[in-house]
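J.: Mind having a look at this structure? Questions to follow.
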Amino acid sequence: MKKLLLLSFVVTSFALNAQDWDFEKPDYDKIEKNIKEKDSNLFYELLMKRYKEADSTMTLKEKRHLYYGYQFDEKYSPYSTSDFSDSLRVVLNKKSLDSLDYTNIVTFTNKILEENPFDLRAINYQLFALEKKGDTASFNKKVIQLYIIVDSLLSSGTGKTKEDSFYVIYTSHEYDLLSILGFKFGGSQSLIEHYDYLTLEKNEANIEGLYFDVSPCLASMSKMFKEK
């Protein structure tokens, strides 16, 4: 359960073929403006509604406005931990799981996702439980939501340099992306300006580490300290 199921749904050769992808840094000022336009397809309430309904027709632009626009939501709290995480951990740490455990996993992860709709680890565990329960319809909806998040993240850069960094609104997504791309964390994390740099274990792509722009996380932390 430690590796994300996301690996089976994304292009794991990304690191070797990054030059073939189209990338765009998110313009946070523009995104904040666009998601406030009530008559626009980018209006945030509409985007979130479509996400929760697992709308597979969302364009990449809409996906990016959904994910990166969440930093402007009053519920956005990049360093908070759900109270239901402990309950979930108790179930996952069992030596063997039964049907009731799978139901509880779905229940607890739903509670976590109510607080943070982009928690990739909660989605991962829910996919695991839904597959075990044989709930194909719910499983497929959750896969669509997963794609929406991952598409947004992978569209932001290659991570190979600060200028081409991945843009994340949660530091946990840095480590999730490593798993998604088939890398293993090398054990060293450094904050350089507003970038996190994570080293990688030896890999076929010969990439020593990846950069992540964590500006929204740092801004949230700064705001939190000012309010105290």
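Residue numbering restarts at 1 for every chain of the structure tokens, chains are lettered A, B, ... in their displayed order, and ligands are numbered from 1 as they appear.
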Pick out each residue of segment 17-162 of chain A that DSSP on the backbone tags as helix (DSSP H, G or I); I need them as an NGL selection string.

T.: :A and (18-20 or 28-34 or 44-52 or 60-72 or 84-92 or 99-115 or 120-133 or 136-154)

J.: So which one's closest to Arg64 of chain A, A:Leu178, A:Leu113, A:Ile35, A:Ala129? Using only C-alpha atoms, please.

T.: A:Ile35

J.: Let me make sure I understand: among A:Ser188, A:Asn116, A:Thr171, A:Thr158, which one has the smallest atom-to-atom distance to Glu74 of chain A if we use only C-alpha atoms?

T.: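 Ranking A:Ser188, A:Asn116, A:Thr171, A:Thr158 by distance to Glu74 of chain A, first place goes to A:Asn116.
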
J.: Write out as a PyMOL selection string each polymer residue whose atoms come within 12 Å of segment 196-198 of chain A, counting only C-alpha atoms; drop sequence neighbours fewer than 6 positions from it.

T.: chain A and resi 159-162+165-178+183-190+207-215+217-218

J.: Could you name the residues that touch Tyr44 of chain A at 9 Å or less, counting only C-alpha atoms, but leaving out those on the same chain fewer than 6 positions away, as a PyMOL selection string?

T.: chain A and resi 34-38+65-66+69-70

J.: Determine, for each residue of segment 18-106 of chain A having at least one atom at most 7 Å from an atom of segment 145-149 of chain A, the closest pair of atoms and their separation in Å to one decimal, counting only C-alpha atoms; order by chain and ascending number, as a tab-separated table.

T.:
residue	atom	partner	partner_atom	distance
A:Tyr51	CA	A:Gln145	CA	6.4
A:Ala54	CA	A:Gln145	CA	5.5
A:Lys63	CA	A:Ile148	CA	5.8
A:Tyr67	CA	A:Ile149	CA	6.5

J.: Rounded to one decimal in Å, what is the spacing between atom CA of Glu163 of chain A and atom CA of Phe72 of chain A?

T.: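 Computing the Euclidean distance for atom CA of Glu163 of chain A and atom CA of Phe72 of chain A yields 23.5 Å.
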
J.: Would you please work out which residue, of A:Ser87, A:Gln126, A:Asn41, A:Ser152, is nearest to Asn140 of chain A when using only C-alpha atoms?

T.: A:Gln126

J.: Using only C-alpha atoms, determine which residues lie at most 9 Å from Leu130 of chain A, disregarding the query and same-chain residues fewer than 3 positions distant; provide the list as a list in words.

T.: Tyr102, Thr103, Ile105, Val106, Tyr125, Gln126, Leu127, Lys133, Gly134, Asp135, Thr136, Ser138 and Phe139 of chain A

J.: In terms of the shortest atom-to-atom distance over only C-alpha atoms, which of A:Lys223, A:Lys52, A:Lys94, A:Arg89 is closest to Ile144 of chain A?

T.: A:Lys52

J.: Write out as a PyMOL selection string each polymer residue whose atoms come within 9 Å of Ser82 of chain A, counting only C-alpha atoms; drop sequence neighbours fewer than 6 positions from it.

T.: chain A and resi 111-112+115-116

J.: Write the residues you've just listed into a file as a PDB file, in the first residue's frame, and include N, CA and C atoms for each of them.

T.:
ATOM      1  N   LYS A 111     -14.284  11.328   4.263  1.00  0.00           N
ATOM      2  CA  LYS A 111     -14.216  12.415   5.235  1.00  0.00           C
ATOM      3  C   LYS A 111     -12.974  13.273   5.002  1.00  0.00           C
ATOM      4  N   ILE A 112     -11.858  12.617   4.706  1.00  0.00           N
ATOM      5  CA  ILE A 112     -10.610  13.341   4.437  1.00  0.00           C
ATOM      6  C   ILE A 112     -10.757  14.189   3.190  1.00  0.00           C
ATOM      7  N   GLU A 115     -12.437  17.498   3.431  1.00  0.00           N
ATOM      8  CA  GLU A 115     -11.591  18.565   3.958  1.00  0.00           C
ATOM      9  C   GLU A 115     -10.541  18.992   2.935  1.00  0.00           C
ATOM     10  N   ASN A 116     -10.058  18.036   2.170  1.00  0.00           N
ATOM     11  CA  ASN A 116      -9.054  18.317   1.135  1.00  0.00           C
ATOM     12  C   ASN A 116      -9.385  17.462  -0.083  1.00  0.00           C
TER      13      ASN A 116
END

J.: Looking at A:Leu88, A:Asp98, A:Ala137, A:Glu62, which one is nearest to Ser40 of chain A, with distances taken over only C-alpha atoms?

T.: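 Distance minimum relative to Ser40 of chain A lands on A:Glu62.
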
J.: Assign secondary structure with DSSP using the backbone only, and return the residues of segment 30-212 of chain A in strand (DSSP E) as a PyMOL selection string.

T.: chain A and resi 166-167+185-192+195-200+209-212

J.: Write the residues of the selection above to a file with C-alpha atoms, as a PDB file, in the first residue's frame.

T.:
ATOM      1  CA  PHE A 166       6.585  21.275 -10.977  1.00  0.00           C
ATOM      2  CA  TYR A 167       4.004  23.573  -9.360  1.00  0.00           C
ATOM      3  CA  PHE A 185      13.043   9.741  -2.795  1.00  0.00           C
ATOM      4  CA  GLY A 186      16.792  10.038  -2.274  1.00  0.00           C
ATOM      5  CA  GLY A 187      16.499  11.187   1.320  1.00  0.00           C
ATOM      6  CA  SER A 188      17.397  14.874   1.056  1.00  0.00           C
ATOM      7  CA  GLN A 189      14.990  17.821   0.863  1.00  0.00           C
ATOM      8  CA  SER A 190      16.111  21.456   0.543  1.00  0.00           C
ATOM      9  CA  LEU A 191      14.132  24.694   0.418  1.00  0.00           C
ATOM     10  CA  ILE A 192      15.775  27.013  -2.131  1.00  0.00           C
ATOM     11  CA  TYR A 195      11.390  25.853  -4.428  1.00  0.00           C
ATOM     12  CA  ASP A 196      11.640  22.481  -2.769  1.00  0.00           C
ATOM     13  CA  TYR A 197      14.422  20.295  -4.151  1.00  0.00           C
ATOM     14  CA  LEU A 198      14.118  16.554  -3.570  1.00  0.00           C
ATOM     15  CA  THR A 199      16.989  14.221  -4.333  1.00  0.00           C
ATOM     16  CA  LEU A 200      16.255  10.936  -6.076  1.00  0.00           C
ATOM     17  CA  GLY A 209      16.691  15.505  -8.130  1.00  0.00           C
ATOM     18  CA  LEU A 210      13.524  17.425  -8.937  1.00  0.00           C
ATOM     19  CA  TYR A 211      12.369  20.976  -8.202  1.00  0.00           C
ATOM     20  CA  PHE A 212       8.907  21.956  -6.980  1.00  0.00           C
TER      21      PHE A 212
END

J.: Grab the atom CA of Val143 of chain A to atom CA of Lys95 of chain A distance for me, in Å with one decimal place.

T.: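 Distance reported for this atom pair: 26.5 Å.
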
J.: Pick out the closest residue to Thr107 of chain A from this set: A:Met221, A:Val150, A:Ala205, A:Ile123. Count only C-alpha atoms.

T.: A:Ile123
